[in-house]
Amino acid sequence: MSPRAPKTPKPKGLIRRKRAPTVTTPPTDPLPDAPKAATARAAVLDPGARAAPNLSEAPDLTATPLDKISFKELNPRALIAPNFRVYELTKSDLASRRAIDNDFTSEQHLRAAIHLARHVLQPIRDTFGSFTPNSVYRSQALERVLKNKPTTWLSTSQHARGEACDIEIVGMATLTLASWARDHLADFDQIICECYDPRQGPNSGWVHISLKAPGQGPNRRQCLSYVPDTSGRLVYVSGLQATA
Ligand SMILES: [Zn+2]
């Protein structure tokens, strides 16, 4: 049971579709993401974590082209989209709790995450108001801990390249958010409606959205859902849908 989601009425017009066949092409983010309950609870109960930095001295880089943003000397408080700052791209409760380094180690990944903030996070913020992403960039070290992998394992998740985010809007059905993103984002690589069970409340599950960094090839505009199959095993299926 989610320890944080208040009971809210189910939104009208919830999109329900028949289950699509299991996808044969494995997506690039083949495992569930960060423990959402913990991250979302922290966002709700610990607003001070977001407000702590002194934002008055932060540089405004909202109009700075990606190739002009330097990896070194970057102020974590710098505004990189109208409503998002650098530190929000690496924020991770799991990394904080386990003292895992989740800072960017590559300019490419930093710029990819800023590109995502400007073209995915910001349009969602403009439409639905303030929210804290559950997860954007995840270092290889964080990926290994999150997915319980050995030190030799390398994640292929787009999170590890700064090209993906996991989000939810409090009180808004996860499937509704995923559908909105599909219909309104100018571009996206993948939208995955993950583990959304409306019986568990509108905020069960989360929406994974990826966007390739400039120069990384065309975006696939692929919509998937991560749901249990008839045997209860979680699988990716094409299209956006709830688990039941
Ligand atoms: Zn994800």
# chains A, B, ... in the order shown; residues from 1 in each chain; ligands from 1

call {"tool": "residues_around", "arguments": {"residues": "stretch 156-164 of chain A", "least_positions_apart": "3", "cutoff": "10 Å", "atoms": "only C-alpha atoms", "output": "PyMOL selection string"}}
result
chain A and resi 27-31+33+89-90+102+104+106+108-117+120+135-143+153+167+188-191+208-213

call {"tool": "write_last_selection", "arguments": {"atoms": "C-alpha atoms", "output": "JSON list (two decimals), in the first residue's frame"}}
result
[["chain", "number", "residue", "atom", "x", "y", "z"],
["A", 27, "PRO", "CA", 12.90, -1.60, -24.60],
["A", 28, "THR", "CA", 16.01, 0.11, -23.44],
["A", 29, "ASP", "CA", 14.86, 0.38, -19.84],
["A", 30, "PRO", "CA", 14.04, -3.20, -19.03],
["A", 31, "LEU", "CA", 13.50, -3.01, -15.29],
["A", 33, "ASP", "CA", 12.62, 2.18, -11.79],
["A", 89, "LEU", "CA", 18.42, 16.26, -12.65],
["A", 90, "THR", "CA", 20.56, 14.15, -10.31],
["A", 102, "ASN", "CA", 25.02, 10.39, -8.66],
["A", 104, "PHE", "CA", 27.20, 13.73, -13.88],
["A", 106, "SER", "CA", 30.00, 13.22, -18.75],
["A", 108, "GLN", "CA", 27.10, 14.43, -23.01],
["A", 109, "HIS", "CA", 24.89, 13.08, -20.23],
["A", 110, "LEU", "CA", 24.53, 16.49, -18.62],
["A", 111, "ARG", "CA", 23.46, 18.07, -21.88],
["A", 112, "ALA", "CA", 21.08, 15.19, -22.61],
["A", 113, "ALA", "CA", 19.38, 15.71, -19.25],
["A", 114, "ILE", "CA", 19.10, 19.46, -19.82],
["A", 115, "HIS", "CA", 17.60, 18.77, -23.26],
["A", 116, "LEU", "CA", 15.08, 16.46, -21.58],
["A", 117, "ALA", "CA", 14.26, 19.07, -18.93],
["A", 120, "VAL", "CA", 9.80, 17.02, -21.59],
["A", 135, "SER", "CA", 14.29, 10.29, -11.22],
["A", 136, "VAL", "CA", 16.17, 11.73, -14.19],
["A", 137, "TYR", "CA", 19.89, 10.92, -14.46],
["A", 138, "ARG", "CA", 21.11, 7.79, -12.70],
["A", 139, "SER", "CA", 24.79, 7.00, -12.55],
["A", 140, "GLN", "CA", 26.04, 3.49, -13.25],
["A", 141, "ALA", "CA", 26.69, 3.09, -9.52],
["A", 142, "LEU", "CA", 23.12, 4.07, -8.69],
["A", 143, "GLU", "CA", 21.73, 1.83, -11.41],
["A", 153, "TRP", "CA", 27.32, -4.80, -14.82],
["A", 167, "ILE", "CA", 7.44, 11.29, -13.29],
["A", 188, "PHE", "CA", 9.82, 11.63, -27.42],
["A", 189, "ASP", "CA", 11.72, 8.39, -27.78],
["A", 190, "GLN", "CA", 9.70, 6.18, -25.43],
["A", 191, "ILE", "CA", 6.76, 6.70, -23.12],
["A", 208, "HIS", "CA", 8.88, 6.86, -17.91],
["A", 209, "ILE", "CA", 9.61, 9.30, -20.72],
["A", 210, "SER", "CA", 12.80, 9.34, -22.74],
["A", 211, "LEU", "CA", 14.11, 11.78, -25.31],
["A", 212, "LYS", "CA", 17.31, 11.23, -27.23],
["A", 213, "ALA", "CA", 19.99, 13.86, -26.94]]

call {"tool": "closest_residue", "arguments": {"among": "A:Ile192, A:Ala99, A:Val237, A:Ala244", "to": "ligand 1", "atoms": "only C-alpha atoms and all ligand atoms"}}
result
A:Ile192

call {"tool": "atom_distance", "arguments": {"atom1": "atom 1 (Zn, counted along the ligand's line) of ligand 1", "atom2": "atom CA of A:Lys149"}}
result
16.8 Å

call {"tool": "atom_distance", "arguments": {"atom1": "atom CA of A:Asp126", "atom2": "atom CA of A:Arg77"}}
result
20.1 Å

call {"tool": "closest_residue", "arguments": {"among": "A:Cys165, A:Ala178, A:Leu234, A:Cys223", "to": "A:Leu121", "atoms": "only C-alpha atoms"}}
result
A:Cys165

call {"tool": "atom_distance", "arguments": {"atom1": "atom CA of A:Val207", "atom2": "atom CA of A:Thr152"}}
result
28.6 Å

call {"tool": "residues_around", "arguments": {"residues": "A:Pro202", "least_positions_apart": "3", "cutoff": "7 Å", "atoms": "only C-alpha atoms", "output": "PyMOL selection string"}}
result
chain A and resi 10+171-174+198

call {"tool": "write_last_selection", "arguments": {"atoms": "C-alpha atoms", "output": "PDB file, in the first residue's frame"}}
result
ATOM      1  CA  LYS A  10     -10.651   8.715  -9.998  1.00  0.00           C
ATOM      2  CA  GLY A 171      -3.650  13.126  -7.873  1.00  0.00           C
ATOM      3  CA  MET A 172      -3.441  12.602 -11.625  1.00  0.00           C
ATOM      4  CA  ALA A 173      -3.918   9.131 -13.056  1.00  0.00           C
ATOM      5  CA  THR A 174      -0.625   7.781 -14.326  1.00  0.00           C
ATOM      6  CA  PRO A 198      -6.046   2.150 -10.856  1.00  0.00           C
TER       7      PRO A 198
END

call {"tool": "closest_residue", "arguments": {"among": "A:Ile69, A:Ala181, A:Cys193, A:Leu79", "to": "ligand 1", "atoms": "only C-alpha atoms and all ligand atoms"}}
result
A:Cys193

call {"tool": "closest_residue", "arguments": {"among": "A:Thr105, A:Phe71, A:Trp206, A:Gln122", "to": "ligand 1", "atoms": "only C-alpha atoms and all ligand atoms"}}
result
A:Trp206

call {"tool": "select_by_dssp", "arguments": {"residues": "stretch 123-202 of chain A", "states": "strand (DSSP E)", "output": "VMD selection string"}}
result
chain A and resid 164 to 167 190 to 194

call {"tool": "write_last_selection", "arguments": {"atoms": "N, CA and C atoms", "output": "PDB file, in the first residue's frame"}}
result
ATOM      1  N   ALA A 164      16.332  10.079 -19.876  1.00  0.00           N
ATOM      2  CA  ALA A 164      15.017   9.600 -19.427  1.00  0.00           C
ATOM      3  C   ALA A 164      14.666  10.177 -18.070  1.00  0.00           C
ATOM      4  N   CYS A 165      13.368  10.264 -17.831  1.00  0.00           N
ATOM      5  CA  CYS A 165      12.874  10.693 -16.523  1.00  0.00           C
ATOM      6  C   CYS A 165      11.697   9.807 -16.132  1.00  0.00           C
ATOM      7  N   ASP A 166      11.482   9.692 -14.832  1.00  0.00           N
ATOM      8  CA  ASP A 166      10.291   9.033 -14.294  1.00  0.00           C
ATOM      9  C   ASP A 166       9.502  10.092 -13.554  1.00  0.00           C
ATOM     10  N   ILE A 167       8.230  10.215 -13.903  1.00  0.00           N
ATOM     11  CA  ILE A 167       7.441  11.286 -13.293  1.00  0.00           C
ATOM     12  C   ILE A 167       6.060  10.803 -12.894  1.00  0.00           C
ATOM     13  N   GLN A 190      10.636   7.167 -25.982  1.00  0.00           N
ATOM     14  CA  GLN A 190       9.704   6.180 -25.430  1.00  0.00           C
ATOM     15  C   GLN A 190       8.866   6.810 -24.322  1.00  0.00           C
ATOM     16  N   ILE A 191       7.609   6.440 -24.283  1.00  0.00           N
ATOM     17  CA  ILE A 191       6.760   6.701 -23.119  1.00  0.00           C
ATOM     18  C   ILE A 191       6.312   5.339 -22.619  1.00  0.00           C
ATOM     19  N   ILE A 192       6.587   5.069 -21.342  1.00  0.00           N
ATOM     20  CA  ILE A 192       6.196   3.775 -20.771  1.00  0.00           C
ATOM     21  C   ILE A 192       5.318   4.027 -19.547  1.00  0.00           C
ATOM     22  N   CYS A 193       4.110   3.507 -19.603  1.00  0.00           N
ATOM     23  CA  CYS A 193       3.206   3.546 -18.448  1.00  0.00           C
ATOM     24  C   CYS A 193       3.561   2.340 -17.587  1.00  0.00           C
ATOM     25  N   GLU A 194       4.196   2.605 -16.449  1.00  0.00           N
ATOM     26  CA  GLU A 194       4.771   1.509 -15.667  1.00  0.00           C
ATOM     27  C   GLU A 194       3.936   1.199 -14.418  1.00  0.00           C
TER      28      GLU A 194
END
